[in-house]
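Enquirer: Data file structure.pdb (PDB, C-alpha atoms, pLDDT in the B column) is appended below.
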MODEL        1
ATOM      1  CA  LEU A  10      -3.024   5.332 -22.787  1.00 96.00           C
ATOM      2  CA  ALA A  11      -5.533   6.899 -25.190  1.00 93.00           C
ATOM      3  CA  SER A  12      -3.656  10.180 -24.985  1.00 93.00           C
ATOM      4  CA  ILE A  13      -0.283   8.503 -25.578  1.00 95.00           C
ATOM      5  CA  SER A  14      -1.503   6.362 -28.472  1.00 95.00           C
ATOM      6  CA  ARG A  15      -3.861   8.958 -29.978  1.00 93.00           C
ATOM      7  CA  GLU A  16      -6.133   6.005 -30.817  1.00 94.00           C
ATOM      8  CA  LEU A  17      -9.175   4.228 -29.371  1.00 92.00           C
ATOM      9  CA  VAL A  18      -8.484   2.229 -26.196  1.00 95.00           C
ATOM     10  CA  ARG A  19     -10.979  -0.389 -25.015  1.00 95.00           C
ATOM     11  CA  LEU A  20     -11.232  -2.548 -21.927  1.00 95.00           C
ATOM     12  CA  SER A  21     -12.984  -5.880 -22.048  1.00 96.00           C
ATOM     13  CA  VAL A  22     -13.705  -8.204 -19.135  1.00 95.00           C
ATOM     14  CA  VAL A  23     -14.020 -11.961 -18.961  1.00 95.00           C
ATOM     15  CA  ASP A  24     -17.554 -13.092 -18.162  1.00 93.00           C
ATOM     16  CA  TYR A  25     -16.879 -16.745 -18.893  1.00 93.00           C
ATOM     17  CA  PRO A  26     -17.389 -18.045 -21.538  1.00 95.00           C
ATOM     18  CA  ASN A  27     -17.505 -14.575 -23.078  1.00 96.00           C
ATOM     19  CA  LEU A  28     -15.346 -11.491 -23.308  1.00 96.00           C
ATOM     20  CA  VAL A  29     -17.390  -8.264 -23.041  1.00 95.00           C
ATOM     21  CA  TRP A  30     -16.373  -4.704 -23.944  1.00 92.00           C
ATOM     22  CA  VAL A  31     -17.029  -2.459 -20.948  1.00 92.00           C
ATOM     23  CA  GLY A  32     -14.966   0.716 -21.311  1.00 89.00           C
ATOM     24  CA  VAL A  33     -13.591   3.013 -23.964  1.00 87.00           C
ATOM     25  CA  ALA A  34     -11.386   6.099 -24.237  1.00 88.00           C
ATOM     26  CA  GLN A  35     -10.827   7.949 -27.492  1.00 86.00           C
ATOM     27  CA  GLY A  36      -7.381   9.414 -27.994  1.00 80.00           C
ATOM     28  CA  ALA A  37      -7.797  10.742 -31.543  1.00 74.00           C
ATOM     29  CA  THR A  38      -8.855  14.354 -31.290  1.00 71.00           C
ATOM     30  CA  GLY A  39      -9.368  15.033 -34.989  1.00 67.00           C
ATOM     31  CA  GLY A  40      -9.033  13.650 -38.448  1.00 60.00           C
ATOM     32  CA  LEU A  41      -9.459   9.996 -39.319  1.00 55.00           C
ATOM     33  CA  ARG A  42     -10.425   7.921 -36.300  1.00 53.00           C
ATOM     34  CA  TYR A  43     -11.984   4.610 -35.381  1.00 58.00           C
ATOM     35  CA  ASP A  44     -14.891   5.172 -32.996  1.00 57.00           C
ATOM     36  CA  PRO A  45     -17.402   2.303 -32.917  1.00 62.00           C
ATOM     37  CA  GLY A  46     -19.400   3.631 -29.950  1.00 57.00           C
ATOM     38  CA  ARG A  47     -22.022   0.900 -30.071  1.00 63.00           C
ATOM     39  CA  ASP A  48     -19.748  -1.908 -28.861  1.00 68.00           C
ATOM     40  CA  GLN A  49     -19.813  -1.231 -25.106  1.00 68.00           C
ATOM     41  CA  GLY A  50     -21.666  -4.082 -23.425  1.00 68.00           C
ATOM     42  CA  SER A  51     -21.254  -6.261 -26.520  1.00 85.00           C
ATOM     43  CA  ILE A  52     -19.740  -9.704 -26.555  1.00 91.00           C
ATOM     44  CA  VAL A  53     -16.371  -9.689 -28.330  1.00 92.00           C
ATOM     45  CA  HIS A  54     -15.992 -11.994 -31.332  1.00 93.00           C
ATOM     46  CA  LEU A  55     -13.019 -14.042 -30.188  1.00 97.00           C
ATOM     47  CA  ALA A  56     -11.595 -15.298 -33.488  1.00 95.00           C
ATOM     48  CA  SER A  57     -11.557 -11.989 -35.392  1.00 94.00           C
ATOM     49  CA  SER A  58     -10.733  -9.394 -32.727  1.00 95.00           C
ATOM     50  CA  ALA A  59      -7.441  -8.457 -31.111  1.00 97.00           C
ATOM     51  CA  GLY A  60      -9.004  -8.687 -27.648  1.00 97.00           C
ATOM     52  CA  GLY A  61     -10.419 -12.121 -28.374  1.00 97.00           C
ATOM     53  CA  LEU A  62      -7.075 -13.404 -29.625  1.00 98.00           C
ATOM     54  CA  ALA A  63      -5.268 -11.933 -26.607  1.00 98.00           C
ATOM     55  CA  TRP A  64      -7.619 -13.742 -24.210  1.00 98.00           C
ATOM     56  CA  LEU A  65      -7.503 -16.999 -26.179  1.00 98.00           C
ATOM     57  CA  SER A  66      -3.696 -16.877 -25.999  1.00 98.00           C
ATOM     58  CA  THR A  67      -3.892 -17.216 -22.194  1.00 98.00           C
ATOM     59  CA  LEU A  68      -5.850 -20.468 -22.425  1.00 97.00           C
ATOM     60  CA  SER A  69      -4.901 -23.982 -23.406  1.00 97.00           C
ATOM     61  CA  ASP A  70      -5.337 -24.842 -27.078  1.00 98.00           C
ATOM     62  CA  ASP A  71      -8.239 -27.149 -26.197  1.00 97.00           C
ATOM     63  CA  GLU A  72     -10.048 -24.491 -24.172  1.00 97.00           C
ATOM     64  CA  ALA A  73      -9.435 -21.818 -26.832  1.00 98.00           C
ATOM     65  CA  LEU A  74     -10.765 -24.122 -29.561  1.00 96.00           C
ATOM     66  CA  GLY A  75     -13.809 -24.934 -27.445  1.00 97.00           C
ATOM     67  CA  LEU A  76     -14.652 -21.260 -26.963  1.00 97.00           C
ATOM     68  CA  VAL A  77     -14.186 -20.458 -30.648  1.00 96.00           C
ATOM     69  CA  ALA A  78     -16.337 -23.451 -31.603  1.00 94.00           C
ATOM     70  CA  ALA A  79     -19.062 -22.446 -29.132  1.00 95.00           C
ATOM     71  CA  GLN A  80     -19.138 -18.848 -30.372  1.00 93.00           C
ATOM     72  CA  GLY A  81     -18.620 -19.706 -34.010  1.00 89.00           C
ATOM     73  CA  LEU A  82     -15.843 -18.903 -36.417  1.00 86.00           C
ATOM     74  CA  THR A  83     -18.086 -16.665 -38.509  1.00 77.00           C
ATOM     75  CA  PRO A  84     -17.410 -13.040 -37.541  1.00 71.00           C
ATOM     76  CA  PRO A  85     -19.933 -10.202 -37.425  1.00 67.00           C
ATOM     77  CA  ALA A  86     -21.622  -9.272 -40.707  1.00 73.00           C
ATOM     78  CA  ASP A  87     -19.394  -6.239 -41.259  1.00 74.00           C
ATOM     79  CA  ALA A  88     -16.139  -8.121 -40.629  1.00 81.00           C
ATOM     80  CA  GLY A  89     -13.044  -7.237 -42.569  1.00 83.00           C
ATOM     81  CA  PRO A  90     -11.576  -9.191 -45.475  1.00 86.00           C
ATOM     82  CA  HIS A  91      -8.822 -10.712 -43.305  1.00 90.00           C
ATOM     83  CA  ALA A  92     -11.145 -12.291 -40.721  1.00 89.00           C
ATOM     84  CA  PRO A  93     -10.014 -15.887 -40.157  1.00 92.00           C
ATOM     85  CA  LYS A  94     -11.712 -18.446 -42.326  1.00 91.00           C
ATOM     86  CA  SER A  95     -10.417 -21.597 -40.633  1.00 94.00           C
ATOM     87  CA  VAL A  96      -9.565 -22.952 -37.216  1.00 94.00           C
ATOM     88  CA  SER A  97      -5.940 -23.330 -38.327  1.00 95.00           C
ATOM     89  CA  GLU A  98      -5.780 -19.564 -39.051  1.00 96.00           C
ATOM     90  CA  VAL A  99      -7.124 -18.803 -35.566  1.00 97.00           C
ATOM     91  CA  MET A 100      -4.653 -21.194 -33.924  1.00 97.00           C
ATOM     92  CA  ALA A 101      -1.770 -19.659 -35.906  1.00 97.00           C
ATOM     93  CA  SER A 102      -2.807 -16.184 -34.679  1.00 97.00           C
ATOM     94  CA  ILE A 103      -2.979 -17.452 -31.092  1.00 98.00           C
ATOM     95  CA  GLY A 104       0.517 -18.944 -31.436  1.00 98.00           C
ATOM     96  CA  GLU A 105       1.897 -15.688 -32.860  1.00 98.00           C
ATOM     97  CA  THR A 106       0.241 -13.765 -30.015  1.00 98.00           C
ATOM     98  CA  ARG A 107       1.881 -15.993 -27.410  1.00 98.00           C
ATOM     99  CA  LYS A 108       5.328 -15.464 -28.995  1.00 98.00           C
ATOM    100  CA  ARG A 109       4.974 -11.704 -29.558  1.00 97.00           C
ATOM    101  CA  GLY A 110       3.263 -10.890 -26.261  1.00 97.00           C
ATOM    102  CA  TYR A 111       0.330  -9.083 -27.857  1.00 98.00           C
ATOM    103  CA  SER A 112      -2.309  -9.853 -30.465  1.00 98.00           C
ATOM    104  CA  ILE A 113      -2.792  -8.104 -33.787  1.00 98.00           C
ATOM    105  CA  ALA A 114      -5.932  -7.909 -35.910  1.00 96.00           C
ATOM    106  CA  VAL A 115      -5.716  -5.931 -39.151  1.00 96.00           C
ATOM    107  CA  ASP A 116      -8.768  -5.679 -41.423  1.00 93.00           C
ATOM    108  CA  SER A 117     -10.205  -8.602 -39.473  1.00 90.00           C
ATOM    109  CA  TYR A 118     -12.883  -7.358 -37.071  1.00 88.00           C
ATOM    110  CA  HIS A 119     -13.723  -4.405 -39.353  1.00 84.00           C
ATOM    111  CA  ALA A 120     -12.376  -3.424 -42.757  1.00 89.00           C
ATOM    112  CA  GLY A 121      -9.945  -0.534 -42.441  1.00 90.00           C
ATOM    113  CA  MET A 122      -9.302  -1.096 -38.729  1.00 92.00           C
ATOM    114  CA  ALA A 123      -6.165  -2.360 -37.009  1.00 96.00           C
ATOM    115  CA  ALA A 124      -5.908  -3.315 -33.356  1.00 97.00           C
ATOM    116  CA  MET A 125      -3.549  -4.779 -30.815  1.00 98.00           C
ATOM    117  CA  ALA A 126      -4.383  -6.193 -27.383  1.00 98.00           C
ATOM    118  CA  VAL A 127      -2.900  -7.729 -24.272  1.00 98.00           C
ATOM    119  CA  PRO A 128      -4.545  -9.712 -21.489  1.00 98.00           C
ATOM    120  CA  VAL A 129      -5.277  -8.034 -18.185  1.00 97.00           C
ATOM    121  CA  ARG A 130      -4.234 -10.452 -15.430  1.00 96.00           C
ATOM    122  CA  ARG A 131      -4.883 -10.490 -11.694  1.00 92.00           C
ATOM    123  CA  SER A 132      -1.588  -9.837  -9.970  1.00 87.00           C
ATOM    124  CA  ALA A 133      -2.282 -12.394  -7.230  1.00 85.00           C
ATOM    125  CA  ASP A 134      -2.547 -15.456  -9.478  1.00 89.00           C
ATOM    126  CA  GLY A 135      -1.952 -14.312 -13.059  1.00 92.00           C
ATOM    127  CA  ASN A 136      -5.398 -15.400 -14.234  1.00 92.00           C
ATOM    128  CA  PRO A 137      -6.869 -13.278 -17.035  1.00 95.00           C
ATOM    129  CA  VAL A 138      -9.730 -10.979 -16.041  1.00 95.00           C
ATOM    130  CA  GLY A 139      -9.977  -9.100 -19.322  1.00 96.00           C
ATOM    131  CA  CYS A 140      -8.058  -7.490 -22.155  1.00 98.00           C
ATOM    132  CA  LEU A 141      -6.904  -4.008 -23.032  1.00 98.00           C
ATOM    133  CA  SER A 142      -6.741  -3.004 -26.684  1.00 98.00           C
ATOM    134  CA  ILE A 143      -5.729  -0.107 -28.876  1.00 97.00           C
ATOM    135  CA  ALA A 144      -7.470   0.289 -32.243  1.00 94.00           C
ATOM    136  CA  GLY A 145      -7.266   2.749 -35.078  1.00 94.00           C
ATOM    137  CA  PRO A 146      -7.457   3.148 -38.835  1.00 93.00           C
ATOM    138  CA  SER A 147      -5.200   0.532 -40.451  1.00 93.00           C
ATOM    139  CA  ILE A 148      -3.702   3.140 -42.755  1.00 92.00           C
ATOM    140  CA  ARG A 149      -2.189   4.844 -39.705  1.00 91.00           C
ATOM    141  CA  PHE A 150      -1.973   2.155 -37.007  1.00 95.00           C
ATOM    142  CA  SER A 151       0.956   0.220 -38.460  1.00 96.00           C
ATOM    143  CA  ALA A 152       2.973  -2.733 -37.164  1.00 96.00           C
ATOM    144  CA  LYS A 153       5.769  -0.298 -36.273  1.00 97.00           C
ATOM    145  CA  ARG A 154       3.380   1.865 -34.252  1.00 97.00           C
ATOM    146  CA  MET A 155       2.079  -1.232 -32.459  1.00 97.00           C
ATOM    147  CA  GLU A 156       5.638  -2.180 -31.477  1.00 97.00           C
ATOM    148  CA  GLU A 157       6.130   1.329 -30.079  1.00 97.00           C
ATOM    149  CA  LEU A 158       2.929   1.105 -28.034  1.00 98.00           C
ATOM    150  CA  PHE A 159       3.454  -2.401 -26.639  1.00 98.00           C
ATOM    151  CA  GLY A 160       5.255  -1.139 -23.512  1.00 98.00           C
ATOM    152  CA  PRO A 161       2.646   1.473 -22.549  1.00 98.00           C
ATOM    153  CA  LEU A 162      -0.177  -0.977 -23.333  1.00 98.00           C
ATOM    154  CA  GLN A 163       1.387  -3.696 -21.182  1.00 98.00           C
ATOM    155  CA  GLU A 164       2.011  -1.210 -18.353  1.00 97.00           C
ATOM    156  CA  ALA A 165      -1.608  -0.011 -18.398  1.00 97.00           C
ATOM    157  CA  ALA A 166      -2.908  -3.600 -18.437  1.00 97.00           C
ATOM    158  CA  SER A 167      -0.692  -4.422 -15.467  1.00 96.00           C
ATOM    159  CA  GLU A 168      -2.029  -1.424 -13.528  1.00 95.00           C
ATOM    160  CA  ILE A 169      -5.608  -2.508 -14.231  1.00 94.00           C
ATOM    161  CA  GLY A 170      -4.754  -6.071 -13.210  1.00 94.00           C
ATOM    162  CA  ASP A 171      -3.318  -4.810  -9.909  1.00 93.00           C
ATOM    163  CA  ALA A 172      -6.419  -2.670  -9.317  1.00 90.00           C
ATOM    164  CA  SER A 173      -8.707  -5.646 -10.052  1.00 87.00           C
ATOM    165  CA  GLU A 174      -7.626  -7.193  -6.746  1.00 82.00           C
ATOM    166  CA  ALA A 175      -9.929  -4.703  -4.992  1.00 80.00           C
ATOM    167  CA  SER A 176     -12.942  -5.659  -7.122  1.00 76.00           C
ATOM    168  CA  PHE A 177     -15.574  -8.057  -5.826  1.00 70.00           C
ATOM    169  CA  PHE A 178     -16.460  -8.980  -9.420  1.00 68.00           C
ATOM    170  CA  PHE A 179     -12.920 -10.046 -10.347  1.00 67.00           C
ATOM    171  CA  ASN A 180     -12.554 -12.172  -7.230  1.00 63.00           C
ATOM    172  CA  LEU A 181     -15.620 -14.340  -7.802  1.00 60.00           C
ATOM    173  CA  GLY A 182     -13.655 -16.913  -9.807  1.00 50.00           C
ATOM    174  CA  ARG A 183     -15.444 -16.043 -13.071  1.00 43.00           C
ATOM    175  CA  SER A 184     -12.383 -16.169 -15.285  1.00 46.00           C
ATOM    176  CA  GLY A 185     -12.837 -19.816 -16.279  1.00 51.00           C
ATOM    177  CA  PRO A 186     -14.312 -23.166 -15.380  1.00 50.00           C
ATOM    178  CA  ASP A 187     -11.212 -24.385 -13.523  1.00 48.00           C
ATOM    179  CA  ARG A 188      -9.781 -21.070 -12.355  1.00 46.00           C
TER     180      ARG A 188
ENDMDL
END
Let's see the structure in the file written out as structure tokens.
Expert:
Amino acid sequence: LASISRELVRLSVVDYPNLVWVGVAQGATGGLRYDPGRDQGSIVHLASSAGGLAWLSTLSDDEALGLVAAQGLTPPADAGPHAPKSVSEVMASIGETRKRGYSIAVDSYHAGMAAMAVPVRRSADGNPVGCLSIAGPSIRFSAKRMEELFGPLQEAASEIGDASEASFFFNLGRSGPDR
């Protein structure tokens, strides 16, 4: 997926009540690229990141609001100028994600960065176990490019979801309080 997109691809896993970045592959081989490096093992800020919005979109509105409230609406210190400033903005983004099938965060998590994400679901029951995202410089990673990459992103997330069935970690029931 990193090779196809020529952008940064990240995998996050649900460790309820958090989403944690655990893997990364860089597809940009030169020029302008987004490469945070330090985020692996970090808890994802749900309200301002594409991965967070993708996961929240799989939950009920009440559960999503509870997680955002528990983590806080205030994004990291270096958040972008379009980070949500109200619960209604977050809920609107979650609604758009549900309709579109993938989340979008542009100049939200970091200034100058655009990202899209989809949930990774267990094939056996459809419960979310994580998210897969593609991120790159917002000047290059446009809405049109995101539309083009939705199919490959969804396919990769599905493959990871199928593979998660073999994982002890993903079968412990850690994807939510009632799951």
Enquirer: From the list A:Ala73, A:Val31, A:Ile103, A:Ala63, which residue is nearest Met125 in chain A when using only C-alpha atoms?
Expert: A:Ala63
Enquirer: Have a look at CA of Ala86 in chain A and CA of Leu141 in chain A and let me know their distance in Å, one decimal.
Expert: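 Separation between CA of Ala86 in chain A and CA of Leu141 in chain A: 23.6 Å.
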Enquirer: When distances are computed from only C-alpha atoms, which of A:Arg19, A:Arg130, A:His54, A:Lys153 shows the smallest separation from Ala166 in chain A?
Expert: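 Using only C-alpha atoms, Ala166 in chain A sits closest to A:Arg130.
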Enquirer: Give me, please, the distance in Å between CA of Cys140 in chain A and CA of Glu72 in chain A, quoted to one decimal.
Expert: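 Computing the Euclidean distance for CA of Cys140 in chain A and CA of Glu72 in chain A yields 17.2 Å.
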Enquirer: Set the distance at 8 Å and use only C-alpha atoms: which residues neighbour range 87-90 of chain A once local chain neighbours fewer than 6 positions away are removed? I'd like the list as a list in words.
Expert: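 Skipping anything fewer than 6 positions along the chain leaves Ser57, Asp116, Ser117, Tyr118, His119, Ala120 and Gly121 of chain A.
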Enquirer: If you keep C-alpha atoms, can you produce a file of those selected residues as a PDB file, keeping the file's coordinate frame?
Expert:
ATOM      1  CA  SER A  57     -11.557 -11.989 -35.392  1.00 94.00           C
ATOM      2  CA  ASP A 116      -8.768  -5.679 -41.423  1.00 93.00           C
ATOM      3  CA  SER A 117     -10.205  -8.602 -39.473  1.00 90.00           C
ATOM      4  CA  TYR A 118     -12.883  -7.358 -37.071  1.00 88.00           C
ATOM      5  CA  HIS A 119     -13.723  -4.405 -39.353  1.00 84.00           C
ATOM      6  CA  ALA A 120     -12.376  -3.424 -42.757  1.00 89.00           C
ATOM      7  CA  GLY A 121      -9.945  -0.534 -42.441  1.00 90.00           C
TER       8      GLY A 121
END
Enquirer: Select, from A:Pro137, A:Ser58, A:Arg107, A:Ser69, the residue with the minimum atom-to-atom distance to His91 in chain A, counting all atoms listed in the file.
Expert: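 Going through A:Pro137, A:Ser58, A:Arg107, A:Ser69 one by one, the smallest distance to His91 in chain A is for A:Ser58.
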Enquirer: Once the PyMOL selection byres ((chain A and resi 174) around 12) has been applied to the shown file, what residues remain in the selection, as a PyMOL selection string?
Expert: chain A and resi 129-138+167-173+175-182
Enquirer: Can you tell me, as a list in words, what residues are no more than 12 Å from Glu105 in chain A when counting all atoms listed in the file, ignoring any on the same chain fewer than 3 positions away?
Expert: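 Using all atoms listed in the file, the neighbours found are Ala59, Leu62, Ala63, Leu65, Ser66, Glu98, Val99, Met100, Ala101, Ser102, Lys108, Arg109, Gly110, Tyr111, Ser112, Ile113 and Ala114 of chain A.
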